[in-house]
>>> print(open('model22.txt').read())   # compact mmCIF, C-alpha atoms
# COMPACT_ATOMS: atom_id res chain seq x y z
CA MET A 1 -41.15 -25.43 1.22
CA VAL A 2 -42.79 -26.63 4.44
CA ASN A 3 -41.00 -27.06 7.77
CA GLY A 4 -37.73 -26.59 5.91
CA PHE A 5 -38.43 -29.39 3.43
CA GLN A 6 -38.74 -29.11 -0.32
CA ILE A 7 -41.99 -30.83 -1.33
CA VAL A 8 -42.44 -32.69 -4.63
CA ASP A 9 -45.84 -34.27 -5.22
CA ALA A 10 -44.94 -37.41 -7.16
CA HIS A 11 -48.47 -38.42 -8.18
CA CYS A 12 -50.82 -35.90 -9.81
CA HIS A 13 -53.52 -36.50 -12.45
CA ILE A 14 -54.36 -33.53 -14.68
CA TYR A 15 -56.93 -33.10 -17.46
CA PRO A 16 -57.82 -30.44 -20.04
CA ASP A 17 -60.35 -28.00 -18.63
CA LYS A 18 -63.12 -29.04 -21.03
CA ILE A 19 -63.08 -32.72 -20.01
CA ALA A 20 -61.81 -32.50 -16.42
CA ALA A 21 -65.22 -32.77 -14.76
CA ARG A 22 -66.12 -35.86 -16.76
CA ALA A 23 -62.75 -37.50 -16.14
CA VAL A 24 -62.88 -36.89 -12.39
CA ALA A 25 -66.47 -38.13 -12.20
CA GLY A 26 -65.41 -41.36 -13.90
CA THR A 27 -62.61 -41.95 -11.42
CA ASP A 28 -64.87 -41.12 -8.48
CA SER A 29 -67.41 -43.65 -9.73
CA PHE A 30 -64.70 -46.30 -10.18
CA TYR A 31 -63.47 -45.92 -6.60
CA GLY A 32 -66.64 -44.81 -4.85
CA GLU A 33 -64.99 -41.59 -3.66
CA HIS A 34 -65.63 -37.87 -4.09
CA SER A 35 -62.55 -36.01 -5.26
CA PHE A 36 -61.34 -32.91 -3.45
CA ALA A 37 -60.57 -30.92 -6.61
CA ASP A 38 -61.65 -30.65 -10.23
CA GLY A 39 -58.55 -32.12 -11.90
CA THR A 40 -57.59 -28.99 -13.83
CA VAL A 41 -54.05 -27.70 -14.07
CA GLY A 42 -54.97 -24.38 -12.56
CA ARG A 43 -56.55 -25.91 -9.52
CA LEU A 44 -53.53 -28.19 -8.95
CA VAL A 45 -51.20 -25.20 -8.84
CA GLU A 46 -53.62 -23.29 -6.62
CA VAL A 47 -54.09 -25.98 -3.96
CA GLY A 48 -50.52 -27.24 -4.23
CA ASP A 49 -49.02 -23.80 -3.79
CA ASP A 50 -51.35 -23.21 -0.85
CA ALA A 51 -49.98 -26.39 0.72
CA GLY A 52 -46.39 -25.22 0.14
CA PHE A 53 -45.48 -27.69 -2.60
CA ASP A 54 -42.56 -26.89 -4.90
CA ARG A 55 -42.93 -29.25 -7.86
CA TYR A 56 -45.29 -31.87 -9.28
CA ILE A 57 -45.12 -35.08 -11.31
CA VAL A 58 -48.11 -34.86 -13.67
CA GLN A 59 -49.72 -37.56 -15.80
CA SER A 60 -52.92 -39.02 -17.20
CA VAL A 61 -54.08 -42.38 -18.58
CA ALA A 62 -55.24 -43.48 -22.04
CA THR A 63 -58.16 -45.92 -22.00
CA THR A 64 -57.87 -46.49 -25.77
CA PRO A 65 -54.82 -46.49 -28.08
CA HIS A 66 -56.01 -43.47 -30.08
CA GLN A 67 -55.98 -41.29 -26.93
CA VAL A 68 -52.25 -41.76 -26.32
CA GLU A 69 -50.83 -39.07 -28.61
CA ARG A 70 -53.38 -36.43 -27.61
CA ILE A 71 -52.86 -37.02 -23.88
CA ASN A 72 -49.08 -36.95 -24.18
CA GLU A 73 -49.20 -33.70 -26.10
CA PHE A 74 -51.43 -32.18 -23.41
CA ILE A 75 -49.04 -33.28 -20.65
CA ALA A 76 -46.04 -31.88 -22.54
CA GLU A 77 -47.86 -28.58 -23.14
CA SER A 78 -48.77 -28.36 -19.44
CA VAL A 79 -45.13 -28.93 -18.50
CA ALA A 80 -43.96 -26.25 -20.92
CA ASN A 81 -46.38 -23.74 -19.40
CA SER A 82 -45.59 -24.58 -15.76
CA ASN A 83 -42.53 -22.35 -15.20
CA GLY A 84 -40.52 -25.41 -14.21
CA LYS A 85 -43.02 -26.70 -11.64
CA PHE A 86 -44.11 -29.81 -13.60
CA ILE A 87 -42.32 -32.94 -14.66
CA GLY A 88 -44.44 -34.92 -17.12
CA LEU A 89 -45.06 -38.63 -17.60
CA GLY A 90 -46.54 -39.98 -20.82
CA THR A 91 -49.18 -42.63 -21.19
CA LEU A 92 -49.13 -45.81 -23.26
CA HIS A 93 -51.73 -48.41 -24.15
CA PRO A 94 -50.82 -52.08 -24.63
CA ASP A 95 -52.76 -52.22 -27.91
CA GLY A 96 -51.02 -49.16 -29.34
CA ASP A 97 -47.83 -48.63 -31.32
CA ILE A 98 -45.50 -49.10 -28.35
CA THR A 99 -42.23 -48.31 -30.10
CA GLY A 100 -43.63 -45.30 -31.93
CA ASP A 101 -45.51 -43.95 -28.93
CA ILE A 102 -42.43 -44.21 -26.70
CA ARG A 103 -40.30 -42.40 -29.27
CA LYS A 104 -42.90 -39.61 -29.49
CA LEU A 105 -43.18 -39.16 -25.72
CA ILE A 106 -39.40 -38.96 -25.42
CA ASP A 107 -39.35 -36.36 -28.21
CA LEU A 108 -41.98 -34.42 -26.25
CA GLY A 109 -39.59 -34.26 -23.29
CA LEU A 110 -41.60 -36.55 -21.01
CA HIS A 111 -39.64 -38.36 -18.33
CA GLY A 112 -41.48 -41.64 -17.80
CA VAL A 113 -44.72 -43.54 -18.30
CA LYS A 114 -47.96 -43.86 -16.32
CA LEU A 115 -50.00 -47.08 -16.51
CA HIS A 116 -53.23 -47.95 -14.70
CA PRO A 117 -53.95 -51.65 -15.29
CA ASP A 118 -57.33 -51.62 -13.53
CA ILE A 119 -58.77 -48.70 -15.51
CA GLN A 120 -57.00 -49.68 -18.75
CA GLN A 121 -58.11 -53.27 -18.12
CA PHE A 122 -54.95 -55.29 -18.62
CA LYS A 123 -53.02 -57.51 -16.26
CA ILE A 124 -49.55 -56.26 -15.39
CA ASP A 125 -48.04 -59.53 -16.63
CA ASP A 126 -50.16 -59.64 -19.82
CA TYR A 127 -48.01 -60.58 -22.81
CA ARG A 128 -49.20 -57.41 -24.59
CA CYS A 129 -47.32 -55.33 -22.01
CA LEU A 130 -43.96 -57.02 -22.35
CA LYS A 131 -42.94 -54.69 -25.18
CA ILE A 132 -43.69 -51.73 -22.91
CA TYR A 133 -41.38 -53.05 -20.21
CA GLU A 134 -38.69 -53.99 -22.71
CA LYS A 135 -38.66 -50.56 -24.35
CA CYS A 136 -38.93 -48.60 -21.08
CA GLU A 137 -36.04 -50.63 -19.67
CA GLU A 138 -34.03 -49.95 -22.81
CA GLU A 139 -34.78 -46.19 -22.78
CA GLY A 140 -34.38 -45.76 -19.01
CA LEU A 141 -37.98 -44.61 -18.57
CA PRO A 142 -39.47 -45.20 -15.09
CA ILE A 143 -43.05 -46.48 -15.01
CA LEU A 144 -45.50 -45.11 -12.45
CA MET A 145 -47.87 -48.07 -12.12
CA HIS A 146 -51.16 -48.19 -10.28
CA THR A 147 -50.86 -51.23 -8.04
CA GLY A 148 -53.45 -53.11 -6.03
CA ASP A 149 -57.22 -53.51 -5.84
CA HIS A 150 -58.99 -56.18 -3.81
CA ARG A 151 -61.88 -56.15 -6.31
CA TYR A 152 -59.82 -57.21 -9.33
CA ASP A 153 -56.69 -59.11 -10.28
CA TYR A 154 -55.10 -56.77 -12.79
CA SER A 155 -52.47 -55.00 -10.69
CA ASN A 156 -52.01 -56.94 -7.47
CA PRO A 157 -48.55 -57.90 -6.19
CA ASN A 158 -48.72 -61.39 -7.72
CA ARG A 159 -48.92 -59.72 -11.16
CA LEU A 160 -46.15 -57.20 -10.56
CA LEU A 161 -43.59 -59.48 -8.93
CA PRO A 162 -42.68 -61.59 -12.02
CA VAL A 163 -42.26 -58.45 -14.13
CA MET A 164 -39.85 -56.95 -11.59
CA GLU A 165 -37.87 -60.20 -11.47
CA ILE A 166 -37.58 -60.45 -15.27
CA TYR A 167 -36.94 -56.79 -16.19
CA THR A 168 -34.30 -56.09 -13.59
CA GLY A 169 -33.17 -52.89 -15.33
CA LEU A 170 -36.69 -51.45 -15.34
CA THR A 171 -37.64 -48.94 -12.66
CA VAL A 172 -41.25 -49.14 -11.47
CA ILE A 173 -43.00 -46.90 -8.94
CA GLY A 174 -45.75 -48.97 -7.37
CA ALA A 175 -48.42 -46.38 -6.57
CA HIS A 176 -50.31 -46.48 -3.28
CA LEU A 177 -47.49 -48.12 -1.25
CA GLY A 178 -47.33 -50.97 -3.73
CA GLY A 179 -50.89 -52.21 -3.38
CA TRP A 180 -54.01 -50.13 -2.86
CA SER A 181 -56.35 -52.01 -0.48
CA VAL A 182 -54.00 -55.04 -0.42
CA TRP A 183 -51.19 -53.47 1.58
CA ASP A 184 -50.33 -56.56 3.65
CA GLU A 185 -49.80 -58.57 0.48
CA ALA A 186 -47.66 -55.81 -1.02
CA GLU A 187 -45.51 -55.64 2.10
CA GLU A 188 -45.07 -59.41 2.07
CA LYS A 189 -44.25 -59.87 -1.62
CA LEU A 190 -42.73 -56.65 -2.95
CA THR A 191 -40.35 -55.25 -0.34
CA GLY A 192 -36.66 -55.68 -1.02
CA LEU A 193 -36.88 -55.45 -4.82
CA PRO A 194 -33.98 -53.21 -5.92
CA ASN A 195 -35.80 -51.73 -8.93
CA LEU A 196 -39.13 -50.98 -7.20
CA TYR A 197 -40.13 -47.69 -5.61
CA VAL A 198 -43.52 -46.91 -4.07
CA ASP A 199 -45.47 -43.72 -3.41
CA THR A 200 -47.72 -42.76 -0.50
CA SER A 201 -50.70 -41.63 -2.57
CA SER A 202 -54.21 -42.80 -1.61
CA SER A 203 -52.82 -44.85 1.25
CA LEU A 204 -52.44 -42.80 4.42
CA PRO A 205 -56.20 -42.13 4.85
CA PHE A 206 -56.86 -45.88 4.94
CA MET A 207 -54.44 -47.14 7.58
CA SER A 208 -53.16 -46.41 11.05
CA LYS A 209 -50.04 -44.34 11.51
CA ASP A 210 -48.19 -47.36 12.90
CA LYS A 211 -49.08 -49.44 9.84
CA ALA A 212 -48.01 -46.67 7.47
CA VAL A 213 -44.64 -46.33 9.19
CA GLU A 214 -44.19 -50.11 9.16
CA ILE A 215 -44.81 -50.33 5.41
CA ILE A 216 -42.67 -47.28 4.58
CA ARG A 217 -39.74 -48.68 6.54
CA ALA A 218 -40.25 -52.14 5.05
CA PHE A 219 -39.74 -50.69 1.57
CA GLY A 220 -36.98 -48.42 2.87
CA GLU A 221 -36.52 -44.67 3.10
CA ASP A 222 -34.64 -44.61 -0.23
CA LYS A 223 -37.54 -46.21 -2.13
CA VAL A 224 -40.57 -44.17 -1.05
CA LEU A 225 -41.98 -41.02 -2.71
CA PHE A 226 -44.59 -38.62 -1.35
CA GLY A 227 -47.69 -38.30 -3.52
CA THR A 228 -51.24 -37.02 -3.10
CA ASP A 229 -53.15 -38.56 -6.03
CA TYR A 230 -54.48 -35.11 -6.97
CA PRO A 231 -57.35 -34.40 -7.49
CA MET A 232 -58.54 -37.14 -5.13
CA TRP A 233 -57.27 -35.71 -1.84
CA ASN A 234 -56.57 -32.32 -0.27
CA PRO A 235 -52.80 -31.77 -0.68
CA LYS A 236 -52.47 -29.84 2.57
CA GLU A 237 -54.22 -32.60 4.52
CA GLU A 238 -52.14 -35.31 2.84
CA LEU A 239 -48.95 -33.51 3.85
CA GLU A 240 -50.25 -33.15 7.40
CA ARG A 241 -51.00 -36.88 7.49
CA PHE A 242 -47.48 -37.59 6.31
CA PHE A 243 -45.81 -35.36 8.89
CA SER A 244 -47.99 -36.88 11.63
CA LEU A 245 -46.25 -40.23 11.08
CA GLY A 246 -43.29 -38.96 13.08
CA LEU A 247 -40.60 -40.13 10.67
CA THR A 248 -37.02 -38.96 11.13
CA TYR A 249 -35.64 -35.83 9.50
CA GLU A 250 -33.66 -37.92 7.01
CA GLU A 251 -36.67 -40.08 6.14
CA ASN A 252 -38.80 -36.99 5.57
CA LYS A 253 -36.18 -35.31 3.42
CA LYS A 254 -35.72 -38.33 1.18
CA ILE A 255 -39.41 -39.15 0.79
CA LEU A 256 -40.61 -35.57 0.27
CA SER A 257 -38.10 -34.65 -2.42
CA ASP A 258 -34.67 -36.29 -2.58
CA ASN A 259 -35.78 -39.68 -3.91
CA VAL A 260 -38.00 -38.34 -6.68
CA LEU A 261 -35.50 -35.69 -7.73
CA LYS A 262 -32.85 -38.36 -8.10
CA LEU A 263 -35.17 -40.83 -9.81
CA PHE A 264 -36.23 -38.37 -12.52
CA ASN A 265 -32.89 -36.51 -12.72
CA MET A 266 -34.66 -33.29 -11.75
>>> encode(input="model22.txt", output="C-alpha cells")
Amino acid sequence: MVNGFQIVDAHCHIYPDKIAARAVAGTDSFYGEHSFADGTVGRLVEVGDDAGFDRYIVQSVATTPHQVERINEFIAESVANSNGKFIGLGTLHPDGDITGDIRKLIDLGLHGVKLHPDIQQFKIDDYRCLKIYEKCEEEGLPILMHTGDHRYDYSNPNRLLPVMEIYTGLTVIGAHLGGWSVWDEAEEKLTGLPNLYVDTSSSLPFMSKDKAVEIIRAFGEDKVLFGTDYPMWNPKEELERFFSLGLTYEENKKILSDNVLKLFNM
C-alpha cells in the first residue's frame, strides 16, 4: 500500500525469461521508446513491490494464431506461481479458433482478454473480430484493448465506437485513456459509454496534469483504472505522476484499486 491506498497495476506485459529481451526490443522499436525494465515476471514483482504495489493484471499478445495457446498457458502458470499477486488475461487472435481458444483460457482460470490491434494488425471493427466480441460478451470476459495511434487506423476511437454501441453487454478497457496519442479524439467520442473503462497507462508522461485530470473526469472516476504498461515505464514514477494530479481521496481510491477489483471480481 502507498499513502494508505491499495495499488493494483491494471496493465502489465510479461514474457518468458528466454524471449523477454526480444519481445521488449520489438515493442521499443514499434513505439520508438526504451523500456524501463526487461519484461520478466521476476523484474515486475521486484520493481512493483519496491513501488508499493499490491496486485497486478498480467497479459501478453499473440501476433499469430499458433502462439495463443502457448501464451495463455504461460500467463496461467505465472498467475499460479504469484502467491495471489497476479490476475491473468488471455490473448486471442482473430484468425484463430475463437470459440475453442476462449474455452481454453476460461479453463485456465484467466479472467479476460488482451488485444492489441496495431501490433496484431487488425481493425477493431474488422468482421473477423466480431466473434471475439460476441463470445466475450456471452462469457462475461472483459477485453483490455490497446486503443489509439496517430500513425495508423487500427484502434482509433472511430473503430472502437461502433463496437461499443453494438455489443452493449461487452466490457472493454480502452488502454491509454482510450486513445494513445489521439487523446482529444478519445475524449470527444468515447466518454459516456456505459460499458467502456479506460486505464492510465502510457498516457501521463505525454500530457499536462490539467489535461490528464480533464480526461479522467470526463470518463468518470468509476471508469478509470491505474496502469503502468510495465515494462515500458518505472512503476514508482508512474505512481508519483498519478498522485501529482491532485485528485480527491475518493477518486484515488477508486482508480488505484476499487474499480479494477470490482471489474475482475477480485
>>> atom_distance(input="model22.txt", atom1="CA of Thr171 in chain A", atom2="CA of Leu196 in chain A")
6.0 Å
>>> atom_distance(input="model22.txt", atom1="CA of Asp107 in chain A", atom2="CA of Pro16 in chain A")
21.0 Å
>>> residues_around(input="model22.txt", residues="Ala62 in chain A", least_positions_apart="4", cutoff="8 Å", atoms="only C-alpha atoms", output="JSON, numbers by chain")
{"A": [67, 68, 71, 91, 92, 93, 120]}
>>> atom_distance(input="model22.txt", atom1="CA of Gly192 in chain A", atom2="CA of Leu239 in chain A")
25.8 Å
>>> closest_residue(input="model22.txt", among="A:Ile119, A:Ile57, A:Leu161, A:Ile102", to="Glu185 in chain A", atoms="all atoms listed in the file")
A:Leu161
>>> closest_residue(input="model22.txt", among="A:Ile132, A:Met164, A:Ile19, A:Val172", to="Gly100 in chain A", atoms="only C-alpha atoms")
A:Ile132
>>> axis_aligned_box(input="model22.txt", around="range 18-23 of chain A", padding_each_side="8 Å", output="JSON")
{"center_x": -64.0, "center_y": -33.3, "center_z": -17.9, "size_x": 20.3, "size_y": 24.5, "size_z": 22.3}
>>> closest_residue(input="model22.txt", among="A:Ala175, A:Cys129, A:Ala186, A:Leu263", to="Asp222 in chain A", atoms="all atoms listed in the file")
A:Leu263
>>> closest_residue(input="model22.txt", among="A:His146, A:Arg22, A:Lys253, A:Lys123", to="Arg159 in chain A", atoms="only C-alpha atoms")
A:Lys123
>>> residues_around(input="model22.txt", residues="Lys254 in chain A", least_positions_apart="4", cutoff="9 Å", atoms="only C-alpha atoms", output="list in words")
Glu221, Asp222, Lys223, Val224, Leu225, Tyr249, Glu250, Asp258, Asn259 and Val260 of chain A
>>> closest_residue(input="model22.txt", among="A:Lys85, A:Arg241, A:His66, A:His111", to="Val41 in chain A", atoms="all atoms listed in the file")
A:Lys85
>>> residues_around(input="model22.txt", residues="Gly174 in chain A", least_positions_apart="6", cutoff="8 Å", atoms="all atoms listed in the file", output="list in words")
Leu144, Met145, His146, Thr147, Leu196, Tyr197, Val198 and Asp199 of chain A
>>> build_atoms(input="model22.txt", residues="range 52-80 of chain A", atoms="N, CA and C atoms", output="PDB file, in the coordinates of the input")
ATOM      1  N   GLY A  52     -47.826 -25.425   0.046  1.00  0.00           N
ATOM      2  CA  GLY A  52     -46.390 -25.220   0.140  1.00  0.00           C
ATOM      3  C   GLY A  52     -45.568 -26.144  -0.734  1.00  0.00           C
ATOM      4  N   PHE A  53     -46.203 -26.769  -1.732  1.00  0.00           N
ATOM      5  CA  PHE A  53     -45.480 -27.690  -2.600  1.00  0.00           C
ATOM      6  C   PHE A  53     -44.610 -26.909  -3.584  1.00  0.00           C
ATOM      7  N   ASP A  54     -43.499 -27.532  -3.987  1.00  0.00           N
ATOM      8  CA  ASP A  54     -42.560 -26.890  -4.900  1.00  0.00           C
ATOM      9  C   ASP A  54     -42.699 -27.374  -6.334  1.00  0.00           C
ATOM     10  N   ARG A  55     -42.864 -28.686  -6.513  1.00  0.00           N
ATOM     11  CA  ARG A  55     -42.930 -29.250  -7.860  1.00  0.00           C
ATOM     12  C   ARG A  55     -43.904 -30.423  -7.875  1.00  0.00           C
ATOM     13  N   TYR A  56     -44.254 -30.872  -9.101  1.00  0.00           N
ATOM     14  CA  TYR A  56     -45.290 -31.870  -9.280  1.00  0.00           C
ATOM     15  C   TYR A  56     -44.933 -32.816 -10.425  1.00  0.00           C
ATOM     16  N   ILE A  57     -45.181 -34.101 -10.228  1.00  0.00           N
ATOM     17  CA  ILE A  57     -45.120 -35.080 -11.310  1.00  0.00           C
ATOM     18  C   ILE A  57     -46.540 -35.230 -11.842  1.00  0.00           C
ATOM     19  N   VAL A  58     -46.760 -34.887 -13.123  1.00  0.00           N
ATOM     20  CA  VAL A  58     -48.110 -34.860 -13.670  1.00  0.00           C
ATOM     21  C   VAL A  58     -48.259 -35.924 -14.760  1.00  0.00           C
ATOM     22  N   GLN A  59     -49.470 -36.480 -14.850  1.00  0.00           N
ATOM     23  CA  GLN A  59     -49.720 -37.560 -15.800  1.00  0.00           C
ATOM     24  C   GLN A  59     -51.210 -37.765 -15.976  1.00  0.00           C
ATOM     25  N   SER A  60     -51.555 -38.600 -16.951  1.00  0.00           N
ATOM     26  CA  SER A  60     -52.920 -39.020 -17.200  1.00  0.00           C
ATOM     27  C   SER A  60     -52.862 -40.400 -17.841  1.00  0.00           C
ATOM     28  N   VAL A  61     -54.024 -40.988 -18.114  1.00  0.00           N
ATOM     29  CA  VAL A  61     -54.080 -42.380 -18.580  1.00  0.00           C
ATOM     30  C   VAL A  61     -54.955 -42.486 -19.820  1.00  0.00           C
ATOM     31  N   ALA A  62     -54.475 -43.220 -20.822  1.00  0.00           N
ATOM     32  CA  ALA A  62     -55.240 -43.480 -22.040  1.00  0.00           C
ATOM     33  C   ALA A  62     -56.032 -44.785 -21.883  1.00  0.00           C
ATOM     34  N   THR A  63     -57.339 -44.705 -22.064  1.00  0.00           N
ATOM     35  CA  THR A  63     -58.160 -45.920 -22.000  1.00  0.00           C
ATOM     36  C   THR A  63     -58.313 -46.594 -23.354  1.00  0.00           C
ATOM     37  N   THR A  64     -57.894 -45.904 -24.425  1.00  0.00           N
ATOM     38  CA  THR A  64     -57.870 -46.490 -25.770  1.00  0.00           C
ATOM     39  C   THR A  64     -56.571 -46.065 -26.450  1.00  0.00           C
ATOM     40  N   PRO A  65     -56.088 -46.843 -27.419  1.00  0.00           N
ATOM     41  CA  PRO A  65     -54.820 -46.490 -28.080  1.00  0.00           C
ATOM     42  C   PRO A  65     -54.848 -45.123 -28.752  1.00  0.00           C
ATOM     43  N   HIS A  66     -55.996 -44.734 -29.327  1.00  0.00           N
ATOM     44  CA  HIS A  66     -56.010 -43.470 -30.080  1.00  0.00           C
ATOM     45  C   HIS A  66     -55.937 -42.247 -29.180  1.00  0.00           C
ATOM     46  N   GLN A  67     -56.095 -42.413 -27.865  1.00  0.00           N
ATOM     47  CA  GLN A  67     -55.980 -41.290 -26.930  1.00  0.00           C
ATOM     48  C   GLN A  67     -54.528 -40.955 -26.584  1.00  0.00           C
ATOM     49  N   VAL A  68     -53.615 -41.883 -26.834  1.00  0.00           N
ATOM     50  CA  VAL A  68     -52.250 -41.760 -26.320  1.00  0.00           C
ATOM     51  C   VAL A  68     -51.574 -40.473 -26.791  1.00  0.00           C
ATOM     52  N   GLU A  69     -51.564 -40.231 -28.080  1.00  0.00           N
ATOM     53  CA  GLU A  69     -50.830 -39.070 -28.610  1.00  0.00           C
ATOM     54  C   GLU A  69     -51.415 -37.768 -28.081  1.00  0.00           C
ATOM     55  N   ARG A  70     -52.744 -37.665 -28.068  1.00  0.00           N
ATOM     56  CA  ARG A  70     -53.380 -36.430 -27.610  1.00  0.00           C
ATOM     57  C   ARG A  70     -53.092 -36.154 -26.135  1.00  0.00           C
ATOM     58  N   ILE A  71     -53.153 -37.193 -25.312  1.00  0.00           N
ATOM     59  CA  ILE A  71     -52.860 -37.020 -23.880  1.00  0.00           C
ATOM     60  C   ILE A  71     -51.413 -36.606 -23.681  1.00  0.00           C
ATOM     61  N   ASN A  72     -50.496 -37.268 -24.364  1.00  0.00           N
ATOM     62  CA  ASN A  72     -49.080 -36.950 -24.180  1.00  0.00           C
ATOM     63  C   ASN A  72     -48.756 -35.536 -24.621  1.00  0.00           C
ATOM     64  N   GLU A  73     -49.403 -35.080 -25.669  1.00  0.00           N
ATOM     65  CA  GLU A  73     -49.200 -33.700 -26.100  1.00  0.00           C
ATOM     66  C   GLU A  73     -49.741 -32.717 -25.061  1.00  0.00           C
ATOM     67  N   PHE A  74     -50.879 -33.039 -24.460  1.00  0.00           N
ATOM     68  CA  PHE A  74     -51.430 -32.180 -23.410  1.00  0.00           C
ATOM     69  C   PHE A  74     -50.501 -32.120 -22.203  1.00  0.00           C
ATOM     70  N   ILE A  75     -49.962 -33.269 -21.786  1.00  0.00           N
ATOM     71  CA  ILE A  75     -49.040 -33.280 -20.650  1.00  0.00           C
ATOM     72  C   ILE A  75     -47.807 -32.455 -20.962  1.00  0.00           C
ATOM     73  N   ALA A  76     -47.240 -32.635 -22.154  1.00  0.00           N
ATOM     74  CA  ALA A  76     -46.040 -31.880 -22.540  1.00  0.00           C
ATOM     75  C   ALA A  76     -46.318 -30.380 -22.581  1.00  0.00           C
ATOM     76  N   GLU A  77     -47.491 -30.000 -23.096  1.00  0.00           N
ATOM     77  CA  GLU A  77     -47.860 -28.580 -23.140  1.00  0.00           C
ATOM     78  C   GLU A  77     -48.003 -28.018 -21.723  1.00  0.00           C
ATOM     79  N   SER A  78     -48.600 -28.805 -20.831  1.00  0.00           N
ATOM     80  CA  SER A  78     -48.770 -28.360 -19.440  1.00  0.00           C
ATOM     81  C   SER A  78     -47.414 -28.174 -18.768  1.00  0.00           C
ATOM     82  N   VAL A  79     -46.483 -29.069 -19.046  1.00  0.00           N
ATOM     83  CA  VAL A  79     -45.130 -28.930 -18.500  1.00  0.00           C
ATOM     84  C   VAL A  79     -44.478 -27.658 -19.017  1.00  0.00           C
ATOM     85  N   ALA A  80     -44.602 -27.419 -20.313  1.00  0.00           N
ATOM     86  CA  ALA A  80     -43.960 -26.250 -20.920  1.00  0.00           C
ATOM     87  C   ALA A  80     -44.497 -24.943 -20.356  1.00  0.00           C
TER      88      ALA A  80
END
